[in-house]
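Structure data (mmCIF, C-alpha atoms and all ligand atoms) from run_38.cif:
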```
data_final
#
loop_
_atom_site.group_PDB
_atom_site.id
_atom_site.type_symbol
_atom_site.label_atom_id
_atom_site.label_comp_id
_atom_site.auth_asym_id
_atom_site.auth_seq_id
_atom_site.Cartn_x
_atom_site.Cartn_y
_atom_site.Cartn_z
ATOM 1 C CA MET B 1 -61.480 101.993 -78.839
ATOM 2 C CA THR B 2 -59.163 99.530 -80.574
ATOM 3 C CA ASP B 3 -56.380 97.741 -78.714
ATOM 4 C CA THR B 4 -53.810 99.773 -80.580
ATOM 5 C CA THR B 5 -55.364 103.048 -79.445
ATOM 6 C CA THR B 6 -55.422 101.862 -75.840
ATOM 7 C CA GLU B 7 -51.769 100.818 -76.004
ATOM 8 C CA GLN B 8 -50.749 104.109 -77.567
ATOM 9 C CA ALA B 9 -52.486 106.005 -74.800
ATOM 10 C CA GLY B 10 -50.520 103.898 -72.302
ATOM 11 C CA ALA B 11 -47.078 104.384 -73.827
ATOM 12 C CA ALA B 12 -47.596 108.063 -74.553
ATOM 13 C CA ALA B 13 -48.742 108.584 -70.964
ATOM 14 C CA SER B 14 -45.809 106.743 -69.349
ATOM 15 C CA GLY B 15 -43.236 108.330 -71.692
ATOM 16 C CA ALA B 16 -44.585 111.848 -71.204
ATOM 17 C CA ALA B 17 -44.840 111.371 -67.428
ATOM 18 C CA ALA B 18 -41.261 110.043 -67.219
ATOM 19 C CA THR B 19 -39.991 113.001 -69.263
ATOM 20 C CA GLU B 20 -41.911 115.531 -67.125
ATOM 21 C CA ARG B 21 -40.723 113.981 -63.854
ATOM 22 C CA PHE B 22 -37.132 114.009 -64.986
ATOM 23 C CA ARG B 23 -37.340 117.638 -66.082
ATOM 24 C CA SER B 24 -38.807 118.808 -62.800
ATOM 25 C CA ARG B 25 -36.427 116.777 -60.625
ATOM 26 C CA ILE B 26 -33.020 117.231 -62.213
ATOM 27 C CA ALA B 27 -31.548 120.742 -62.277
ATOM 28 C CA SER B 28 -30.732 121.814 -65.846
ATOM 29 C CA ALA B 29 -27.346 121.192 -67.455
ATOM 30 C CA ALA B 30 -25.086 122.305 -64.564
ATOM 31 C CA ALA B 31 -22.574 119.676 -65.717
ATOM 32 C CA GLY B 32 -22.310 121.535 -69.024
ATOM 33 C CA SER B 33 -20.337 124.471 -67.647
ATOM 34 C CA ASP B 34 -16.868 122.925 -68.035
ATOM 35 C CA ALA B 35 -16.039 123.489 -71.736
ATOM 36 C CA GLU B 36 -13.014 121.200 -71.675
ATOM 37 C CA ARG B 37 -15.028 118.275 -70.329
ATOM 38 C CA VAL B 38 -17.840 118.887 -72.830
ATOM 39 C CA ASP B 39 -15.306 118.992 -75.668
ATOM 40 C CA THR B 40 -13.672 115.729 -74.505
ATOM 41 C CA LEU B 41 -16.921 113.789 -74.126
ATOM 42 C CA VAL B 42 -18.775 115.059 -77.177
ATOM 43 C CA THR B 43 -15.710 114.647 -79.408
ATOM 44 C CA ALA B 44 -15.319 111.055 -78.139
ATOM 45 C CA LEU B 45 -18.990 110.324 -78.825
ATOM 46 C CA LEU B 46 -18.866 111.796 -82.335
ATOM 47 C CA THR B 47 -15.601 110.031 -83.159
ATOM 48 C CA ALA B 48 -17.096 106.693 -82.080
ATOM 49 C CA THR B 49 -20.146 107.417 -84.277
ATOM 50 C CA HIS B 50 -18.003 108.342 -87.299
ATOM 51 C CA ASP B 51 -16.004 105.165 -86.790
ATOM 52 C CA ILE B 52 -19.176 103.025 -86.781
ATOM 53 C CA ILE B 53 -20.371 104.681 -90.008
ATOM 54 C CA ARG B 54 -17.043 103.958 -91.757
ATOM 55 C CA ARG B 55 -16.645 100.444 -90.361
ATOM 56 C CA HIS B 56 -20.206 99.357 -91.187
ATOM 57 C CA LYS B 57 -20.552 101.461 -94.362
ATOM 58 C CA VAL B 58 -23.769 103.066 -93.111
ATOM 59 C CA THR B 59 -25.956 104.155 -96.065
ATOM 60 C CA TYR B 60 -28.039 107.316 -96.551
ATOM 61 C CA GLU B 61 -31.132 105.155 -96.151
ATOM 62 C CA GLU B 62 -29.922 103.992 -92.740
ATOM 63 C CA TYR B 63 -28.832 107.505 -91.751
ATOM 64 C CA ASN B 64 -32.302 108.846 -92.544
ATOM 65 C CA ALA B 65 -33.966 105.977 -90.699
ATOM 66 C CA LEU B 66 -31.859 106.867 -87.648
ATOM 67 C CA LYS B 67 -32.779 110.551 -87.977
ATOM 68 C CA ALA B 68 -36.494 109.739 -88.187
ATOM 69 C CA TRP B 69 -36.223 107.384 -85.209
ATOM 70 C CA LEU B 70 -34.376 109.903 -83.020
ATOM 71 C CA ILE B 71 -37.071 112.494 -83.771
ATOM 72 C CA GLN B 72 -39.717 109.918 -82.818
ATOM 73 C CA VAL B 73 -38.027 109.106 -79.480
ATOM 74 C CA GLY B 74 -38.437 112.770 -78.518
ATOM 75 C CA GLU B 75 -41.996 113.002 -79.781
ATOM 76 C CA ASP B 76 -42.955 109.913 -77.758
ATOM 77 C CA GLY B 77 -41.251 111.333 -74.653
ATOM 78 C CA GLU B 78 -39.130 108.186 -74.552
ATOM 79 C CA TRP B 79 -35.655 109.605 -73.932
ATOM 80 C CA PRO B 80 -35.796 108.641 -70.229
ATOM 81 C CA LEU B 81 -36.826 105.113 -71.207
ATOM 82 C CA PHE B 82 -34.200 104.751 -73.915
ATOM 83 C CA LEU B 83 -31.335 106.080 -71.782
ATOM 84 C CA ASP B 84 -32.290 104.171 -68.635
ATOM 85 C CA VAL B 85 -32.654 100.871 -70.501
ATOM 86 C CA TRP B 86 -29.597 100.987 -72.768
ATOM 87 C CA VAL B 87 -27.132 103.418 -71.218
ATOM 88 C CA GLU B 88 -27.646 103.913 -67.472
ATOM 89 C CA HIS B 89 -26.194 100.539 -66.424
ATOM 90 C CA VAL B 90 -22.712 101.592 -67.517
ATOM 91 C CA VAL B 91 -22.984 104.985 -65.785
ATOM 92 C CA GLU B 92 -23.973 103.099 -62.613
ATOM 93 C CA GLU B 93 -21.081 100.648 -63.069
ATOM 94 C CA VAL B 94 -18.601 103.545 -63.145
ATOM 95 C CA ALA B 95 -20.308 105.427 -60.288
ATOM 96 C CA GLY B 96 -20.332 102.330 -58.039
ATOM 97 C CA GLU B 97 -16.771 101.168 -58.830
ATOM 98 C CA SER B 98 -15.293 102.037 -55.452
ATOM 99 C CA ARG B 99 -18.254 101.145 -53.267
ATOM 100 C CA GLU B 100 -17.580 98.368 -50.740
ATOM 101 C CA GLY B 101 -21.097 97.978 -49.377
ATOM 102 C CA SER B 102 -24.241 96.731 -51.088
ATOM 103 C CA LYS B 103 -24.273 96.702 -54.872
ATOM 104 C CA GLY B 104 -26.364 99.242 -56.666
ATOM 105 C CA THR B 105 -27.970 99.149 -60.063
ATOM 106 C CA ILE B 106 -29.955 101.479 -62.326
ATOM 107 C CA GLU B 107 -32.668 103.787 -61.001
ATOM 108 C CA GLY B 108 -34.822 103.600 -64.139
ATOM 109 C CA PRO B 109 -37.398 106.218 -65.105
ATOM 110 C CA TYR B 110 -40.101 105.617 -62.483
ATOM 111 C CA TYR B 111 -38.722 106.889 -59.150
ATOM 112 C CA VAL B 112 -40.812 109.541 -57.392
ATOM 113 C CA PRO B 113 -39.286 111.256 -54.322
ATOM 114 C CA ASP B 114 -41.190 111.827 -51.075
ATOM 115 C CA ALA B 115 -43.365 108.720 -51.072
ATOM 116 C CA PRO B 116 -45.450 108.418 -47.865
ATOM 117 C CA ALA B 117 -43.364 107.823 -44.715
ATOM 118 C CA LEU B 118 -44.032 104.432 -43.088
ATOM 119 C CA PRO B 119 -42.894 102.846 -39.810
ATOM 120 C CA ALA B 120 -40.242 100.078 -39.657
ATOM 121 C CA GLU B 121 -42.942 97.429 -39.960
ATOM 122 C CA ALA B 122 -45.358 98.480 -42.670
ATOM 123 C CA THR B 123 -47.452 97.521 -45.668
ATOM 124 C CA LEU B 124 -46.788 99.452 -48.860
ATOM 125 C CA PRO B 125 -49.836 101.448 -49.952
ATOM 126 C CA MET B 126 -51.869 99.123 -52.188
ATOM 127 C CA ARG B 127 -55.388 98.493 -53.403
ATOM 128 C CA GLU B 128 -57.758 96.347 -51.390
ATOM 129 C CA ASN B 129 -57.308 93.263 -53.542
ATOM 130 C CA GLU B 130 -53.892 94.023 -55.002
ATOM 131 C CA ALA B 131 -53.019 91.104 -57.317
ATOM 132 C CA GLY B 132 -49.810 89.123 -56.812
ATOM 133 C CA ILE B 133 -48.319 86.765 -54.227
ATOM 134 C CA PRO B 134 -48.049 88.585 -50.877
ATOM 135 C CA LEU B 135 -44.380 89.089 -49.981
ATOM 136 C CA LEU B 136 -42.714 89.978 -46.697
ATOM 137 C CA PHE B 137 -39.450 91.730 -47.500
ATOM 138 C CA GLN B 138 -37.339 92.243 -44.382
ATOM 139 C CA GLY B 139 -33.784 92.988 -43.375
ATOM 140 C CA GLN B 140 -31.340 95.259 -41.634
ATOM 141 C CA VAL B 141 -29.361 98.308 -42.740
ATOM 142 C CA ARG B 142 -25.758 98.310 -41.488
ATOM 143 C CA SER B 143 -22.606 100.306 -42.044
ATOM 144 C CA VAL B 144 -19.514 98.843 -43.780
ATOM 145 C CA ASP B 145 -17.955 98.885 -40.303
ATOM 146 C CA ASP B 146 -20.773 96.508 -39.369
ATOM 147 C CA GLY B 147 -22.753 98.674 -36.943
ATOM 148 C CA PRO B 148 -26.534 98.861 -37.347
ATOM 149 C CA LEU B 149 -27.824 102.140 -38.787
ATOM 150 C CA PRO B 150 -30.810 103.237 -36.688
ATOM 151 C CA ALA B 151 -33.622 105.011 -38.531
ATOM 152 C CA ALA B 152 -32.087 104.314 -41.948
ATOM 153 C CA LYS B 153 -34.410 105.241 -44.790
ATOM 154 C CA VAL B 154 -35.618 102.462 -47.130
ATOM 155 C CA GLU B 155 -37.448 103.933 -50.111
ATOM 156 C CA MET B 156 -39.178 101.297 -52.185
ATOM 157 C CA TRP B 157 -41.150 101.391 -55.423
ATOM 158 C CA GLN B 158 -42.304 98.658 -57.752
ATOM 159 C CA ALA B 159 -44.643 97.707 -60.567
ATOM 160 C CA ASP B 160 -47.949 96.000 -59.823
ATOM 161 C CA ASP B 161 -48.900 92.533 -61.036
ATOM 162 C CA ASP B 162 -49.690 93.953 -64.486
ATOM 163 C CA GLY B 163 -46.282 95.645 -64.719
ATOM 164 C CA PHE B 164 -47.578 99.195 -64.147
ATOM 165 C CA TYR B 165 -46.009 101.871 -61.937
ATOM 166 C CA SER B 166 -48.258 104.345 -60.104
ATOM 167 C CA GLN B 167 -48.059 107.926 -61.448
ATOM 168 C CA PHE B 168 -46.905 106.554 -64.834
ATOM 169 C CA ALA B 169 -50.031 104.652 -65.816
ATOM 170 C CA PRO B 170 -53.667 105.707 -65.623
ATOM 171 C CA ASP B 171 -56.137 104.580 -62.952
ATOM 172 C CA LEU B 172 -53.696 103.694 -60.164
ATOM 173 C CA PRO B 173 -53.846 105.303 -56.702
ATOM 174 C CA GLU B 174 -51.152 108.011 -56.506
ATOM 175 C CA TRP B 175 -48.733 106.180 -54.203
ATOM 176 C CA ASN B 176 -49.646 102.576 -55.056
ATOM 177 C CA LEU B 177 -46.702 100.278 -54.172
ATOM 178 C CA ARG B 178 -44.451 103.169 -53.149
ATOM 179 C CA GLY B 179 -43.255 104.041 -49.667
ATOM 180 C CA THR B 180 -40.467 105.490 -47.512
ATOM 181 C CA VAL B 181 -39.895 103.069 -44.649
ATOM 182 C CA ILE B 182 -37.955 104.313 -41.624
ATOM 183 C CA ALA B 183 -36.004 101.430 -40.067
ATOM 184 C CA ASP B 184 -36.129 100.881 -36.294
ATOM 185 C CA GLY B 185 -33.435 101.586 -33.679
ATOM 186 C CA THR B 186 -31.373 98.611 -34.873
ATOM 187 C CA GLY B 187 -31.746 99.310 -38.595
ATOM 188 C CA HIS B 188 -34.367 96.599 -39.098
ATOM 189 C CA PHE B 189 -37.368 96.865 -41.426
ATOM 190 C CA LYS B 190 -40.290 94.604 -42.359
ATOM 191 C CA ILE B 191 -42.169 95.529 -45.511
ATOM 192 C CA TYR B 192 -45.341 93.787 -46.637
ATOM 193 C CA THR B 193 -45.903 94.031 -50.363
ATOM 194 C CA ILE B 194 -46.679 91.806 -53.341
ATOM 195 C CA GLN B 195 -44.217 90.007 -55.579
ATOM 196 C CA PRO B 196 -44.036 92.036 -58.808
ATOM 197 C CA ALA B 197 -44.339 90.521 -62.295
ATOM 198 C CA PRO B 198 -41.782 90.848 -65.110
ATOM 199 C CA TYR B 199 -41.958 94.295 -66.665
ATOM 200 C CA GLN B 200 -42.338 94.995 -70.349
ATOM 201 C CA ILE B 201 -40.967 98.314 -71.608
ATOM 202 C CA PRO B 202 -43.616 100.131 -73.678
ATOM 203 C CA THR B 203 -43.719 98.450 -77.082
ATOM 204 C CA ASP B 204 -45.846 100.928 -79.002
ATOM 205 C CA GLY B 205 -43.454 103.876 -79.064
ATOM 206 C CA ALA B 206 -40.006 104.484 -80.585
ATOM 207 C CA CYS B 207 -38.241 102.164 -78.088
ATOM 208 C CA GLY B 208 -40.657 99.381 -79.054
ATOM 209 C CA SER B 209 -39.908 99.975 -82.753
ATOM 210 C CA LEU B 210 -36.213 99.583 -82.033
ATOM 211 C CA VAL B 211 -36.783 96.386 -80.042
ATOM 212 C CA SER B 212 -38.742 94.750 -82.864
ATOM 213 C CA ALA B 213 -36.495 96.115 -85.651
ATOM 214 C CA ALA B 214 -33.481 94.570 -83.902
ATOM 215 C CA GLY B 215 -35.272 91.289 -83.104
ATOM 216 C CA TRP B 216 -34.883 91.740 -79.342
ATOM 217 C CA HIS B 217 -37.466 91.179 -76.584
ATOM 218 C CA PRO B 218 -38.870 94.064 -74.501
ATOM 219 C CA TRP B 219 -38.726 92.460 -71.037
ATOM 220 C CA ARG B 220 -37.110 93.193 -67.699
ATOM 221 C CA PRO B 221 -37.181 90.531 -64.978
ATOM 222 C CA ALA B 222 -39.530 91.170 -62.023
ATOM 223 C CA HIS B 223 -37.844 93.577 -59.622
ATOM 224 C CA LEU B 224 -38.184 95.721 -56.517
ATOM 225 C CA HIS B 225 -36.630 99.208 -56.663
ATOM 226 C CA LEU B 226 -34.901 100.612 -53.579
ATOM 227 C CA LYS B 227 -32.998 103.645 -52.369
ATOM 228 C CA VAL B 228 -31.393 103.004 -48.989
ATOM 229 C CA SER B 229 -29.752 105.809 -47.026
ATOM 230 C CA ALA B 230 -28.687 107.055 -43.595
ATOM 231 C CA PRO B 231 -27.110 110.342 -42.457
ATOM 232 C CA GLY B 232 -23.324 110.272 -42.988
ATOM 233 C CA TYR B 233 -23.537 107.347 -45.428
ATOM 234 C CA GLN B 234 -23.728 107.026 -49.199
ATOM 235 C CA LEU B 235 -27.198 106.448 -50.562
ATOM 236 C CA VAL B 236 -27.449 103.255 -52.598
ATOM 237 C CA THR B 237 -29.922 102.993 -55.466
ATOM 238 C CA THR B 238 -30.582 99.377 -56.324
ATOM 239 C CA GLN B 239 -33.027 96.732 -57.523
ATOM 240 C CA LEU B 240 -33.633 93.198 -56.310
ATOM 241 C CA TYR B 241 -34.625 90.293 -58.557
ATOM 242 C CA PHE B 242 -36.019 86.793 -58.028
ATOM 243 C CA THR B 243 -33.853 83.692 -58.493
ATOM 244 C CA GLY B 244 -35.058 81.580 -61.393
ATOM 245 C CA GLY B 245 -37.483 84.259 -62.594
ATOM 246 C CA ALA B 246 -38.116 84.976 -66.282
ATOM 247 C CA TYR B 247 -35.532 87.241 -67.949
ATOM 248 C CA VAL B 248 -33.060 87.343 -65.022
ATOM 249 C CA ASP B 249 -30.389 86.123 -67.448
ATOM 250 C CA ASP B 250 -31.584 88.298 -70.308
ATOM 251 C CA ASP B 251 -32.629 91.704 -68.934
ATOM 252 C CA ILE B 252 -33.248 94.271 -71.693
ATOM 253 C CA ALA B 253 -31.738 96.896 -69.322
ATOM 254 C CA SER B 254 -28.636 94.785 -68.412
ATOM 255 C CA ALA B 255 -29.153 95.702 -64.744
ATOM 256 C CA VAL B 256 -29.112 92.291 -62.997
ATOM 257 C CA LYS B 257 -26.133 91.388 -60.764
ATOM 258 C CA PRO B 258 -25.569 88.118 -58.861
ATOM 259 C CA GLU B 259 -25.539 90.034 -55.547
ATOM 260 C CA LEU B 260 -29.059 91.338 -56.195
ATOM 261 C CA MET B 261 -30.997 88.067 -56.156
ATOM 262 C CA LEU B 262 -33.805 87.176 -53.742
ATOM 263 C CA ASP B 263 -35.054 83.644 -53.169
ATOM 264 C CA PRO B 264 -38.277 84.028 -51.164
ATOM 265 C CA THR B 265 -39.605 81.004 -49.303
ATOM 266 C CA PRO B 266 -43.283 80.127 -48.898
ATOM 267 C CA THR B 267 -44.469 80.480 -45.322
ATOM 268 C CA GLY B 268 -47.252 78.922 -43.248
ATOM 269 C CA ASP B 269 -50.231 78.473 -45.535
ATOM 270 C CA GLY B 270 -47.934 78.579 -48.567
ATOM 271 C CA GLU B 271 -49.813 81.574 -49.919
ATOM 272 C CA HIS B 272 -47.258 84.067 -48.645
ATOM 273 C CA HIS B 273 -43.570 84.397 -49.402
ATOM 274 C CA GLU B 274 -40.900 85.942 -47.262
ATOM 275 C CA VAL B 275 -37.297 86.898 -47.770
ATOM 276 C CA THR B 276 -34.515 88.641 -45.856
ATOM 277 C CA TYR B 277 -32.020 90.999 -47.479
ATOM 278 C CA ASP B 278 -29.583 93.229 -45.576
ATOM 279 C CA PHE B 279 -28.080 96.463 -46.886
ATOM 280 C CA VAL B 280 -24.578 97.671 -46.138
ATOM 281 C CA LEU B 281 -23.818 101.358 -46.668
ATOM 282 C CA ASP B 282 -20.433 103.001 -47.343
ATOM 283 C CA ARG B 283 -19.416 106.081 -45.382
ATOM 284 C CA ALA B 284 -20.080 109.340 -47.206
HETATM 285 C C1 LIG B 301 -37.447 100.995 -67.468
HETATM 286 C C2 LIG B 301 -38.390 100.556 -66.590
HETATM 287 C C3 LIG B 301 -38.016 100.045 -65.386
HETATM 288 O O1 LIG B 301 -38.909 99.604 -64.484
HETATM 289 C C4 LIG B 301 -36.693 99.990 -65.039
HETATM 290 O O2 LIG B 301 -36.401 99.502 -63.838
HETATM 291 C C5 LIG B 301 -35.742 100.430 -65.928
HETATM 292 C C6 LIG B 301 -36.132 100.941 -67.140
HETATM 293 C C7 LIG B 301 -37.907 101.574 -68.757
HETATM 294 O O3 LIG B 301 -39.053 101.377 -69.136
HETATM 295 O O4 LIG B 301 -37.116 102.287 -69.372
HETATM 296 FE FE FE B 302 -38.502 99.140 -62.816
#
```
Would you mind giving the structure from this file in structure tokens?
Ligand code: DHB
Ligand code: FE
Amino acid sequence: MTDTTTEQAGAAASGAAATERFRSRIASAAAGSDAERVDTLVTALLTATHDIIRRHKVTYEEYNALKAWLIQVGEDGEWPLFLDVWVEHVVEEVAGESREGSKGTIEGPYYVPDAPALPAEATLPMRENEAGIPLLFQGQVRSVDDGPLPAAKVEMWQADDDGFYSQFAPDLPEWNLRGTVIADGTGHFKIYTIQPAPYQIPTDGACGSLVSAAGWHPWRPAHLHLKVSAPGYQLVTTQLYFTGGAYVDDDIASAVKPELMLDPTPTGDGEHHEVTYDFVLDRA
């Protein structure tokens, strides 16, 4: 098998899996029932498109290239990837506008609900010799009124040291580097994991063609994904990044915020890192 074939298998698999997951998880177009809202939003989108065509004198050649590319995005199953990388960050910005507690950021295409439940001090499921610097990620979940939130739920998922997410790449254990940690009676949690590597969006599908056609790079900075929740409080979906890491200032998905940085310190033998990050939840 050539390298190209291997890569294509990878991108097709992750794109198709992301599309399938999304379909099975999100109820179909319930938001489409309000005709007035649909009219407002679709008319605004089309008007903006028409304006771009006039302003930039878009040619038939370019129009057909766009048409071919849009068809390809669907064929590659890359709509979740495209939307989550280039659009979701603004949806999240609007959704989180009035939140006072911890900042959120995009969910991305690789969340899987119902990861194995783990106690407040736990190691994420991982392979015996999982590559990457071991990391202790610990903290407390509190309310905006400052009280601890006992038994808060900390769902965490992340890429491995090669940038692959379990269930979206072949040959990884089903729940590798995914878990649902239940905090203790004072909202504290201690999660042993590995420090992830920067993540490259698939480059061999339609999104990759766009990235190279536009002269961009395909990278996201290394990140941990989290959903933190407690009964009576708003769930926050977020990601945490590493100070000084590659691409933190130049994330292809524009999802980094200054409040979301971790600066882990080496401990003991210097072979482990640890870091503390607390979450603050708004009332529902
Ligand atoms: C994508 C991947 C991610 O891990 C992420 O957090 C956001 C987007 C993507 O490939 O689209
Ligand atoms: Fe991610």
Exercise for review: Could you expand the PyMOL selection byres (((chain B and resi 14) around 12) and not hetatm) into the explicit residues it covers here, written as JSON, numbers by chain?
Suggested key: {"B": [7, 8, 9, 10, 11, 12, 13, 15, 16, 17, 18, 19, 20, 21, 76, 77, 78, 79, 80, 81, 109, 110, 164, 165, 166, 167, 168, 169, 170, 201, 202, 203, 204, 205]}
Find the nearest atom pair between each residue of chain B and ligand FE 302 (chain B) for residues within 12 Å, count all atoms listed in the file, give distances in Å to one decimal, sort rows by chain and ascending number, and present the table as JSON lines.
```
{"residue": "B:Leu81", "atom": "CA", "partner": "B:FE302", "partner_atom": "FE", "distance": 10.4}
{"residue": "B:Asp84", "atom": "CA", "partner": "B:FE302", "partner_atom": "FE", "distance": 9.9}
{"residue": "B:Val85", "atom": "CA", "partner": "B:FE302", "partner_atom": "FE", "distance": 9.8}
{"residue": "B:Thr105", "atom": "CA", "partner": "B:FE302", "partner_atom": "FE", "distance": 10.9}
{"residue": "B:Ile106", "atom": "CA", "partner": "B:FE302", "partner_atom": "FE", "distance": 8.9}
{"residue": "B:Glu107", "atom": "CA", "partner": "B:FE302", "partner_atom": "FE", "distance": 7.7}
{"residue": "B:Gly108", "atom": "CA", "partner": "B:FE302", "partner_atom": "FE", "distance": 5.9}
{"residue": "B:Pro109", "atom": "CA", "partner": "B:FE302", "partner_atom": "FE", "distance": 7.5}
{"residue": "B:Tyr110", "atom": "CA", "partner": "B:FE302", "partner_atom": "FE", "distance": 6.7}
{"residue": "B:Tyr111", "atom": "CA", "partner": "B:FE302", "partner_atom": "FE", "distance": 8.6}
{"residue": "B:Val112", "atom": "CA", "partner": "B:FE302", "partner_atom": "FE", "distance": 12.0}
{"residue": "B:Met156", "atom": "CA", "partner": "B:FE302", "partner_atom": "FE", "distance": 10.9}
{"residue": "B:Trp157", "atom": "CA", "partner": "B:FE302", "partner_atom": "FE", "distance": 8.2}
{"residue": "B:Gln158", "atom": "CA", "partner": "B:FE302", "partner_atom": "FE", "distance": 6.4}
{"residue": "B:Ala159", "atom": "CA", "partner": "B:FE302", "partner_atom": "FE", "distance": 6.7}
{"residue": "B:Asp160", "atom": "CA", "partner": "B:FE302", "partner_atom": "FE", "distance": 10.4}
{"residue": "B:Gly163", "atom": "CA", "partner": "B:FE302", "partner_atom": "FE", "distance": 8.7}
{"residue": "B:Phe164", "atom": "CA", "partner": "B:FE302", "partner_atom": "FE", "distance": 9.2}
{"residue": "B:Tyr165", "atom": "CA", "partner": "B:FE302", "partner_atom": "FE", "distance": 8.0}
{"residue": "B:Ser166", "atom": "CA", "partner": "B:FE302", "partner_atom": "FE", "distance": 11.4}
{"residue": "B:Phe168", "atom": "CA", "partner": "B:FE302", "partner_atom": "FE", "distance": 11.4}
{"residue": "B:Leu177", "atom": "CA", "partner": "B:FE302", "partner_atom": "FE", "distance": 12.0}
{"residue": "B:Pro196", "atom": "CA", "partner": "B:FE302", "partner_atom": "FE", "distance": 9.9}
{"residue": "B:Ala197", "atom": "CA", "partner": "B:FE302", "partner_atom": "FE", "distance": 10.4}
{"residue": "B:Pro198", "atom": "CA", "partner": "B:FE302", "partner_atom": "FE", "distance": 9.2}
{"residue": "B:Tyr199", "atom": "CA", "partner": "B:FE302", "partner_atom": "FE", "distance": 7.1}
{"residue": "B:Gln200", "atom": "CA", "partner": "B:FE302", "partner_atom": "FE", "distance": 9.4}
{"residue": "B:Ile201", "atom": "CA", "partner": "B:FE302", "partner_atom": "FE", "distance": 9.2}
{"residue": "B:Trp219", "atom": "CA", "partner": "B:FE302", "partner_atom": "FE", "distance": 10.6}
{"residue": "B:Arg220", "atom": "CA", "partner": "B:FE302", "partner_atom": "FE", "distance": 7.8}
{"residue": "B:Pro221", "atom": "CA", "partner": "B:FE302", "partner_atom": "FE", "distance": 9.0}
{"residue": "B:Ala222", "atom": "CA", "partner": "B:FE302", "partner_atom": "FE", "distance": 8.1}
{"residue": "B:His223", "atom": "CA", "partner": "B:FE302", "partner_atom": "FE", "distance": 6.4}
{"residue": "B:Leu224", "atom": "CA", "partner": "B:FE302", "partner_atom": "FE", "distance": 7.2}
{"residue": "B:His225", "atom": "CA", "partner": "B:FE302", "partner_atom": "FE", "distance": 6.4}
{"residue": "B:Leu226", "atom": "CA", "partner": "B:FE302", "partner_atom": "FE", "distance": 10.0}
{"residue": "B:Thr237", "atom": "CA", "partner": "B:FE302", "partner_atom": "FE", "distance": 11.9}
{"residue": "B:Thr238", "atom": "CA", "partner": "B:FE302", "partner_atom": "FE", "distance": 10.2}
{"residue": "B:Gln239", "atom": "CA", "partner": "B:FE302", "partner_atom": "FE", "distance": 8.0}
{"residue": "B:Leu240", "atom": "CA", "partner": "B:FE302", "partner_atom": "FE", "distance": 10.1}
{"residue": "B:Tyr241", "atom": "CA", "partner": "B:FE302", "partner_atom": "FE", "distance": 10.6}
{"residue": "B:Asp251", "atom": "CA", "partner": "B:FE302", "partner_atom": "FE", "distance": 11.3}
{"residue": "B:Ile252", "atom": "CA", "partner": "B:FE302", "partner_atom": "FE", "distance": 11.4}
{"residue": "B:Ala253", "atom": "CA", "partner": "B:FE302", "partner_atom": "FE", "distance": 9.6}
{"residue": "B:Ala255", "atom": "CA", "partner": "B:FE302", "partner_atom": "FE", "distance": 10.1}
{"residue": "B:Val256", "atom": "CA", "partner": "B:FE302", "partner_atom": "FE", "distance": 11.6}
```
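Candidate residues B:Val275, B:Cys207, B:Ala115, B:Ala131 were compared for distance to Arg178 of chain B, and the nearest is B:Ala115, using all atoms listed in the file.
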Neighbour list for segment 186-189 of chain B as a compact mmCIF listing (two decimals) with C-alpha atoms, keeping the file's coordinate frame, cut-off 7 Å, all atoms listed in the file, skip fewer than 4 positions in-chain:
```txt
# COMPACT_ATOMS: atom_id res chain seq x y z
CA ALA B 120 -40.24 100.08 -39.66
CA GLU B 121 -42.94 97.43 -39.96
CA GLN B 138 -37.34 92.24 -44.38
CA GLY B 139 -33.78 92.99 -43.38
CA GLN B 140 -31.34 95.26 -41.63
CA VAL B 141 -29.36 98.31 -42.74
CA ARG B 142 -25.76 98.31 -41.49
CA PRO B 148 -26.53 98.86 -37.35
CA LEU B 149 -27.82 102.14 -38.79
CA PRO B 150 -30.81 103.24 -36.69
CA ALA B 151 -33.62 105.01 -38.53
CA ALA B 152 -32.09 104.31 -41.95
```
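The residue set within 12 Å of segment 63-68 of chain B, counting all atoms listed in the file and dropping same-chain residues fewer than 2 places from it, reads Thr49, His50, Ile52, Ile53, His56, Lys57, Val58, Thr59, Tyr60, Glu61, Leu70, Ile71, Gln72, Val73, Gly74, Glu75, Ala206, Ser209, Leu210 and Ala213 of chain B.
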Review point. Which one is closest to Ser143 of chain B: B:Gly101, B:Pro231, B:Gly215, B:Gly208? Count all atoms listed in the file.
Key: B:Gly101
Check your understanding: Which residues come within 8 Å of Gln195 of chain B, counting all atoms listed in the file, excluding same-chain residues fewer than 5 positions away, as a VMD selection string?
Key -> chain B and resid 132 to 135 161
**Study point:** the PyMOL selection byres (((chain B and resi 279) around 6) and not hetatm) resolved against shown file, as a PyMOL selection string
**Key:** chain B and resi 102+141+278+280
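The coordinates place atom CA of Phe242 of chain B at 7.7 Å from atom CA of Pro264 of chain B.
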Extending 8 Å beyond the listed atoms of ligand LIG 301 (chain B) on each side, what axis-aligned box results? I want centre and edge lengths in Å to one decimal, as JSON.
```
{"center_x": -37.4, "center_y": 100.9, "center_z": -66.6, "size_x": 19.3, "size_y": 18.8, "size_z": 21.5}
```
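One distance worth recording is that between atom CA of Lys103 of chain B and atom CA of Val228 of chain B, which is 11.2 Å.
Taking only C-alpha atoms and all ligand atoms into account, ligand LIG 301 (chain B) lies nearest to B:Glu88 out of the set B:Glu130, B:Asp162, B:Glu88, B:Asp146.
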Practice item. Taking the file as shown, find all residues satisfying the PyMOL selection byres (((chain B and resi 272) around 8) and not hetatm) and write them as a ChimeraX atom specification. Key: /B:133-136,266-271,273-274
**Study point:** Interatomic distance, atom CA of Ala95 of chain B to atom C7 of ligand LIG 301 (chain B) (Å, one decimal)
**Key:** 19.9 Å
